[in-house]
Amino acid sequence: MAKIQNKNDAITSRDVDFAQWYTDVCRKAELMDYSSVKGFIDYLPYGYAIWEQIQVQLDKRFKKNGVENVYLPMIIPTSLFNKEKEHIQGFAPETLVATLGGGETLSDPLIIRPTSEVLFCDLYKNLLSSYRDLPKMYNQWCSVVRWEKTTRPFLRGSEFLWQEGHCLFETEEEARGNALTMLEVYDEVGRDVLAIPFVKGRKTEHEKFAGAVATYTIEALMHDGKALQAGTTHYFGQGFAEAFGIRFLGRNNKLEVPHQTSWGVSTRLIGAVIMVHGDDNGLVLPPAVAPIQVVIVPIRQEAEGIMPTCNQIKEKLVEAGYRVKVDDSDRTPGWKFAQWEMKGVPLRIEIGPRDLQEGKLMITKRVNGEKISLSIDEVVDKVPEILEQIHQDMYAKAKDQLDHSVVDVENLEQLNAALEKGGYARMAFCGEEECELKIKEATKGGTARAIYSEEVPEGTLCPVCGKKATVIVYFAKAY
RNA sequence: CGGGAUGUAGCGAAGCUUGGUUAUCGCGUCUGCUUUGGGAGCAGAAGACCAUCGGUUCGAAUCCGAUCAUCCCGACCA
């Protein structure tokens, strides 16, 4: 009976062409549209709503950790930007710069922020005078611009939405602790909100952020076996603070330089959700961030009692705090099923005359298509636990895939073979940039995603240069 | 920045090799009736300066040149 005649609405299968599948989902689930400037996308209501949910979840956790939100300008004078050498070298190639203001040439061109370290430094310089002012933990929600050469919706764009936390501390210990604490926050949001497990750890010298002493990362595994950097936290040491002249009077009545961190996640998380959970029927959203958590599809909606029942159930669920939609459009039920599956709604409720007569309804889980028959009276009580179960199932499935992808290897041949298959491979090496580049070349794009361990068994040698190995690293091909 | 591809109705495509009256098809849209538990059926209707600019030609969606835009794959980055 199943017939899909409307083949233009179907999406490419993941196994046929994963990249095409991804763009199909972005477009057909109405998450985004392409704008008239390359690399810049329009966030459509459904896609933006996912971001709003992610924001809520992150923001409340930030605040629990003492972070306050601020907003700083989107433009940075070039002269200010140039103060930290490593930083400018890292970002200069991809900045967008305004050179005209009101038709007049600007003597100090304005850089559209690619990140706001220097603006926060400039602000903190004025705010800080005593150790009593510390710590300072500010965050801002904004967009940044990086002139990317190749772009993909949510994964890499010339403009993307994110949050950037910038903190100052009295001691190195506190600052390093903050970088790790925020990494835990990101990890928790992955686990409890996005149902995405991460590989996490410190970045190698080669992969760390421009200007950082240490960079920590969370890395997810996409369905096609490639890794995706989902968020980073950085310990900056005192480098930026020194370059920008940030000082405070310490407990010893001497001028001291604070220790600094920054941390951020972006709308790339939406891309991660799509590529970790999605299937050939479209998007699959974790309940915590789904703009619509339950969709109610009436069957024969003109039949007596159907619509009132649908609306009553909706009312009760909304009262209980859920995001619910009754699809009373005049499309056919089959069309609605396919449509809301495409959009990844976690739970669907069907109510038809037959159900109504028996006082029942049919519930379907998006993640695995499992159908459950429930009595109308108990549905409101059951939905919370069903949604919770969906979350658990999604996380378990993703965790299983991640765990099974990890293999331990000892040399370049094994590494190459492992990365060909996709997923993560752990290998010890010396940690030098030079060797890392050679590994990348030998594996056609394999990169060090995160350090698994800094304790290496005695006598282990780097398979590239033959010197003593210092770290065991997760390698993968990445987006 | 290299490699590949595409640009024809709101969307997706055919037509182009071999130039020839009125540019074809599907989806969507509109009207009406019948339907409704997995992308409904029938009948009718509207909708396109064929990406842009230039060239060849009696004649260009079609051939030639340039430009612009987008997508995909690589090198660099959230």
# chains A, B, ... in the order shown; residues from 1 in each chain; ligands from 1

call {"tool": "interface_residues", "arguments": {"of": "chain B", "to": "chain A", "cutoff": "6 Å", "atoms": "only C-alpha atoms (C1' of nucleotides)", "output": "list of chain:residue names"}}
result
B:U36, B:G38, B:G39

call {"tool": "write_last_selection", "arguments": {"atoms": "C-alpha atoms (C1' of nucleotides)", "output": "short mmCIF file (atom, residue, chain, number, x, y, z; two decimals), in the first residue's frame"}}
result
data_model
loop_
_atom_site.label_atom_id
_atom_site.label_comp_id
_atom_site.auth_asym_id
_atom_site.auth_seq_id
_atom_site.Cartn_x
_atom_site.Cartn_y
_atom_site.Cartn_z
"C1'" U B 36 -9.00 10.75 4.50
"C1'" G B 38 1.60 5.99 5.38
"C1'" G B 39 3.19 11.47 0.85
#

call {"tool": "atom_distance", "arguments": {"atom1": "CA of Val213 in chain A", "atom2": "CA of Glu433 in chain A"}}
result
15.1 Å

call {"tool": "residues_around", "arguments": {"residues": "range 64-75 of chain A", "least_positions_apart": "6", "cutoff": "8 Å", "atoms": "only C-alpha atoms (C1' of nucleotides)", "output": "VMD selection string"}}
result
chain A and resid 110 to 113 119 to 120 137 to 142 144

call {"tool": "residues_around", "arguments": {"residues": "range 386-397 of chain A", "least_positions_apart": "5", "cutoff": "12 Å", "atoms": "only C-alpha atoms (C1' of nucleotides)", "output": "tab-separated table (two decimals) with N, CA and C atoms, in the first residue's frame"}}
result
chain	number	residue	atom	x	y	z
A	188	GLU	N	28.02	17.88	29.04
A	188	GLU	CA	26.73	17.58	29.66
A	188	GLU	C	25.57	17.94	28.72
A	189	VAL	N	25.68	19.09	28.06
A	189	VAL	CA	24.63	19.47	27.12
A	189	VAL	C	24.55	18.46	25.98
A	190	GLY	N	25.71	17.97	25.55
A	190	GLY	CA	25.71	16.93	24.54
A	190	GLY	C	24.95	15.70	25.03
A	191	ARG	N	25.29	15.27	26.22
A	191	ARG	CA	24.71	14.04	26.76
A	191	ARG	C	23.23	14.20	27.11
A	192	ASP	N	22.89	15.26	27.83
A	192	ASP	CA	21.54	15.38	28.38
A	192	ASP	C	20.55	16.14	27.50
A	193	VAL	N	21.07	16.88	26.53
A	193	VAL	CA	20.18	17.71	25.72
A	193	VAL	C	20.18	17.26	24.26
A	194	LEU	N	21.37	17.13	23.68
A	194	LEU	CA	21.45	16.82	22.26
A	194	LEU	C	21.53	15.32	21.99
A	195	ALA	N	21.70	14.54	23.05
A	195	ALA	CA	21.86	13.09	22.92
A	195	ALA	C	23.06	12.75	22.04
A	196	ILE	N	24.11	13.56	22.16
A	196	ILE	CA	25.34	13.33	21.40
A	196	ILE	C	26.51	13.07	22.35
A	197	PRO	N	27.13	11.90	22.23
A	197	PRO	CA	28.33	11.60	23.02
A	197	PRO	C	29.54	12.23	22.35
A	198	PHE	N	30.50	12.65	23.15
A	198	PHE	CA	31.70	13.27	22.59
A	198	PHE	C	32.96	12.52	23.01
A	221	LEU	N	31.00	12.18	16.53
A	221	LEU	CA	31.19	11.30	15.38
A	221	LEU	C	29.93	11.32	14.53
A	223	HIS	N	27.47	10.23	11.23
A	223	HIS	CA	27.04	8.94	10.72
A	223	HIS	C	27.95	8.39	9.63
A	273	VAL	N	23.62	17.59	15.29
A	273	VAL	CA	22.36	16.89	15.57
A	273	VAL	C	21.84	16.23	14.30
A	276	VAL	N	24.27	13.24	13.29
A	276	VAL	CA	24.37	12.12	14.22
A	276	VAL	C	23.08	11.31	14.24
A	277	HIS	N	21.94	12.02	14.29
A	277	HIS	CA	20.67	11.33	14.53
A	277	HIS	C	19.82	11.10	13.28
A	278	GLY	N	20.02	11.89	12.24
A	278	GLY	CA	19.13	11.84	11.09
A	278	GLY	C	19.13	10.48	10.40
A	284	VAL	N	15.96	13.70	12.77
A	284	VAL	CA	15.47	13.08	14.01
A	284	VAL	C	15.96	13.96	15.15
A	285	LEU	N	15.04	14.64	15.82
A	285	LEU	CA	15.46	15.60	16.84
A	285	LEU	C	15.37	15.02	18.24
A	286	PRO	N	16.36	15.30	19.06
A	286	PRO	CA	16.26	14.92	20.46
A	286	PRO	C	15.15	15.78	21.11
A	287	PRO	N	14.34	15.18	21.97
A	287	PRO	CA	13.18	15.89	22.52
A	287	PRO	C	13.51	17.24	23.16
A	288	ALA	N	14.67	17.34	23.80
A	288	ALA	CA	14.99	18.57	24.53
A	288	ALA	C	15.11	19.80	23.64
A	289	VAL	N	15.48	19.62	22.38
A	289	VAL	CA	15.65	20.78	21.51
A	289	VAL	C	14.65	20.83	20.36
A	290	ALA	N	13.76	19.86	20.28
A	290	ALA	CA	12.78	19.84	19.19
A	290	ALA	C	11.81	21.00	19.34
A	293	GLN	N	7.66	18.97	20.05
A	293	GLN	CA	8.02	17.69	20.65
A	293	GLN	C	6.98	16.62	20.35
A	294	VAL	N	5.72	17.06	20.25
A	294	VAL	CA	4.63	16.13	19.97
A	294	VAL	C	3.76	16.73	18.89
A	322	TYR	N	5.03	21.05	27.53
A	322	TYR	CA	5.55	20.51	26.28
A	322	TYR	C	5.19	21.37	25.09
A	323	ARG	N	5.99	21.23	24.04
A	323	ARG	CA	5.76	21.98	22.80
A	323	ARG	C	4.98	21.05	21.85
A	345	VAL	N	10.12	15.46	14.33
A	345	VAL	CA	9.34	15.56	15.57
A	345	VAL	C	9.41	14.22	16.32
A	346	PRO	N	9.83	14.23	17.58
A	346	PRO	CA	10.12	12.98	18.30
A	346	PRO	C	8.91	12.05	18.47
A	347	LEU	N	7.73	12.65	18.65
A	347	LEU	CA	6.57	11.83	18.98
A	347	LEU	C	5.36	12.26	18.16
A	348	ARG	N	4.65	11.28	17.58
A	348	ARG	CA	3.44	11.59	16.84
A	348	ARG	C	2.26	10.88	17.49
A	363	ILE	N	0.42	6.13	19.24
A	363	ILE	CA	1.58	7.00	19.42
A	363	ILE	C	2.75	6.36	18.67
A	364	THR	N	3.55	7.18	17.94
A	364	THR	CA	4.66	6.64	17.17
A	364	THR	C	5.94	7.40	17.48
A	365	LYS	N	7.00	6.65	17.76
A	365	LYS	CA	8.29	7.27	18.04
A	365	LYS	C	9.05	7.49	16.74
A	366	ARG	N	9.52	8.70	16.55
A	366	ARG	CA	10.27	9.02	15.33
A	366	ARG	C	11.55	8.21	15.24
A	367	VAL	N	12.21	8.02	16.35
A	367	VAL	CA	13.56	7.46	16.30
A	367	VAL	C	13.61	6.04	15.74
A	368	ASN	N	12.58	5.23	16.04
A	368	ASN	CA	12.62	3.85	15.56
A	368	ASN	C	11.30	3.38	14.96
A	369	GLY	N	10.33	4.27	14.85
A	369	GLY	CA	9.05	3.92	14.24
A	369	GLY	C	8.15	3.07	15.13
A	370	GLU	N	8.61	2.84	16.36
A	370	GLU	CA	7.82	2.02	17.28
A	370	GLU	C	6.46	2.64	17.56
A	371	LYS	N	5.40	1.81	17.48
A	371	LYS	CA	4.05	2.30	17.73
A	371	LYS	C	3.52	1.76	19.05
A	372	ILE	N	2.85	2.63	19.78
A	372	ILE	CA	2.29	2.24	21.06
A	372	ILE	C	0.83	2.67	21.09
A	374	LEU	N	-2.26	3.66	23.34
A	374	LEU	CA	-2.50	4.13	24.70
A	374	LEU	C	-3.96	4.54	24.85
A	379	VAL	N	-2.54	9.29	28.32
A	379	VAL	CA	-1.49	9.80	27.44
A	379	VAL	C	-0.69	10.94	28.06
A	380	VAL	N	-1.39	11.85	28.73
A	380	VAL	CA	-0.68	13.00	29.30
A	380	VAL	C	0.33	12.57	30.36
A	381	ASP	N	-0.03	11.54	31.10
A	381	ASP	CA	0.89	11.04	32.12
A	381	ASP	C	2.07	10.29	31.52
A	402	LEU	N	29.75	5.53	18.49
A	402	LEU	CA	31.02	6.17	18.79
A	402	LEU	C	32.00	5.16	19.40
A	403	ASP	N	31.55	4.45	20.42
A	403	ASP	CA	32.43	3.51	21.11
A	403	ASP	C	32.96	2.44	20.17
A	404	HIS	N	32.09	1.96	19.31
A	404	HIS	CA	32.51	0.90	18.40
A	404	HIS	C	33.44	1.39	17.31

call {"tool": "select_by_dssp", "arguments": {"residues": "range 283-312 of chain A", "states": "strand (DSSP E or B)", "output": "list in words"}}
result
Val294, Val295, Ile296, Val297 and Pro298 of chain A

call {"tool": "residues_around", "arguments": {"residues": "G65 in chain B", "least_positions_apart": "5", "cutoff": "12 Å", "atoms": "only C-alpha atoms (C1' of nucleotides)", "output": "MDAnalysis selection string"}}
result
chainID B and resid 53:56

call {"tool": "select_by_dssp", "arguments": {"residues": "range 120-158 of chain A", "states": "alpha helix (DSSP H)", "output": "PyMOL selection string"}}
result
chain A and resi 120-127

call {"tool": "decode", "arguments": {"residues": "range 2-74 of chain B", "atoms": "C-alpha atoms (C1' of nucleotides)", "output": "PDB file, in the first residue's frame"}}
result
ATOM      1  C1'   G B   2      42.666  24.134  -7.445  1.00  0.00           C
ATOM      2  C1'   G B   3      39.185  20.089  -9.645  1.00  0.00           C
ATOM      3  C1'   G B   4      34.068  18.791 -11.130  1.00  0.00           C
ATOM      4  C1'   A B   5      29.080  20.205 -12.172  1.00  0.00           C
ATOM      5  C1'   U B   6      24.772  23.255 -12.713  1.00  0.00           C
ATOM      6  C1'   G B   7      21.803  27.715 -14.103  1.00  0.00           C
ATOM      7  C1'   U B   8      14.798  26.734 -18.384  1.00  0.00           C
ATOM      8  C1'   A B   9       7.462  28.503 -14.188  1.00  0.00           C
ATOM      9  C1'   G B  10       7.248  28.775  -6.911  1.00  0.00           C
ATOM     10  C1'   C B  11      10.206  23.790  -6.765  1.00  0.00           C
ATOM     11  C1'   G B  12      12.494  19.603  -9.571  1.00  0.00           C
ATOM     12  C1'   A B  13      13.713  18.412 -14.347  1.00  0.00           C
ATOM     13  C1'   A B  14      13.443  17.380 -20.187  1.00  0.00           C
ATOM     14  C1'   G B  15      14.754  19.865 -24.621  1.00  0.00           C
ATOM     15  C1'   C B  16      20.782  21.699 -26.439  1.00  0.00           C
ATOM     16  C1'   U B  17      24.617  16.816 -29.648  1.00  0.00           C
ATOM     17  C1'   U B  18      22.070  17.804 -35.342  1.00  0.00           C
ATOM     18  C1'   G B  19      19.415  25.971 -34.546  1.00  0.00           C
ATOM     19  C1'   G B  20      13.243  26.301 -37.430  1.00  0.00           C
ATOM     20  C1'   U B  21       6.164  28.331 -36.098  1.00  0.00           C
ATOM     21  C1'   U B  22       2.732  28.289 -30.025  1.00  0.00           C
ATOM     22  C1'   A B  23       9.401  25.634 -25.152  1.00  0.00           C
ATOM     23  C1'   U B  24       7.754  19.963 -22.734  1.00  0.00           C
ATOM     24  C1'   C B  25       6.883  17.051 -18.182  1.00  0.00           C
ATOM     25  C1'   G B  26       6.231  16.120 -12.810  1.00  0.00           C
ATOM     26  C1'   C B  27       5.327  18.462  -8.117  1.00  0.00           C
ATOM     27  C1'   G B  28       3.229  22.670  -6.037  1.00  0.00           C
ATOM     28  C1'   U B  29      -0.689  26.686  -6.720  1.00  0.00           C
ATOM     29  C1'   C B  30      -6.056  27.980  -8.025  1.00  0.00           C
ATOM     30  C1'   U B  31     -11.584  25.940  -8.967  1.00  0.00           C
ATOM     31  C1'   G B  32     -15.036  21.983  -8.363  1.00  0.00           C
ATOM     32  C1'   C B  33     -16.550  17.098  -6.826  1.00  0.00           C
ATOM     33  C1'   U B  34     -15.139  12.530  -4.461  1.00  0.00           C
ATOM     34  C1'   U B  35     -11.707  11.162  -0.492  1.00  0.00           C
ATOM     35  C1'   U B  36      -9.001  10.747   4.504  1.00  0.00           C
ATOM     36  C1'   G B  37      -5.256   4.835   9.605  1.00  0.00           C
ATOM     37  C1'   G B  38       1.601   5.991   5.382  1.00  0.00           C
ATOM     38  C1'   G B  39       3.191  11.473   0.848  1.00  0.00           C
ATOM     39  C1'   A B  40      -5.259  10.688  -2.302  1.00  0.00           C
ATOM     40  C1'   G B  41      -8.355  10.471  -7.250  1.00  0.00           C
ATOM     41  C1'   C B  42     -10.810  12.749 -11.369  1.00  0.00           C
ATOM     42  C1'   A B  43     -11.896  17.150 -14.280  1.00  0.00           C
ATOM     43  C1'   G B  44     -10.529  22.043 -15.433  1.00  0.00           C
ATOM     44  C1'   A B  45      -7.241  26.621 -15.018  1.00  0.00           C
ATOM     45  C1'   A B  46      -3.259  29.969 -14.254  1.00  0.00           C
ATOM     46  C1'   G B  47       1.927  30.337 -14.253  1.00  0.00           C
ATOM     47  C1'   A B  48       8.640  31.143 -18.188  1.00  0.00           C
ATOM     48  C1'   C B  49      11.603  38.218 -20.730  1.00  0.00           C
ATOM     49  C1'   C B  50      15.110  29.820 -21.190  1.00  0.00           C
ATOM     50  C1'   A B  51      21.116  33.443 -15.333  1.00  0.00           C
ATOM     51  C1'   U B  52      23.370  38.090 -17.568  1.00  0.00           C
ATOM     52  C1'   C B  53      25.932  40.566 -21.546  1.00  0.00           C
ATOM     53  C1'   G B  54      27.819  40.191 -26.299  1.00  0.00           C
ATOM     54  C1'   G B  55      28.766  37.423 -30.984  1.00  0.00           C
ATOM     55  C1'   U B  56      27.463  34.002 -35.304  1.00  0.00           C
ATOM     56  C1'   U B  57      22.795  33.408 -38.231  1.00  0.00           C
ATOM     57  C1'   C B  58      17.251  34.957 -42.353  1.00  0.00           C
ATOM     58  C1'   G B  59      16.260  32.637 -37.503  1.00  0.00           C
ATOM     59  C1'   A B  60      19.355  30.988 -30.912  1.00  0.00           C
ATOM     60  C1'   A B  61      16.975  27.884 -24.800  1.00  0.00           C
ATOM     61  C1'   U B  62      20.062  25.229 -28.533  1.00  0.00           C
ATOM     62  C1'   C B  63      26.359  27.179 -31.574  1.00  0.00           C
ATOM     63  C1'   C B  64      30.691  30.628 -29.851  1.00  0.00           C
ATOM     64  C1'   G B  65      32.855  34.118 -26.121  1.00  0.00           C
ATOM     65  C1'   A B  66      32.766  36.641 -21.617  1.00  0.00           C
ATOM     66  C1'   U B  67      30.569  37.618 -16.943  1.00  0.00           C
ATOM     67  C1'   C B  68      27.801  36.390 -12.629  1.00  0.00           C
ATOM     68  C1'   A B  69      25.791  32.944  -9.221  1.00  0.00           C
ATOM     69  C1'   U B  70      25.196  28.356  -6.752  1.00  0.00           C
ATOM     70  C1'   C B  71      26.295  23.261  -5.447  1.00  0.00           C
ATOM     71  C1'   C B  72      29.762  19.160  -4.897  1.00  0.00           C
ATOM     72  C1'   C B  73      34.996  17.221  -4.119  1.00  0.00           C
ATOM     73  C1'   G B  74      39.884  18.620  -2.278  1.00  0.00           C
TER      74        G B  74
END
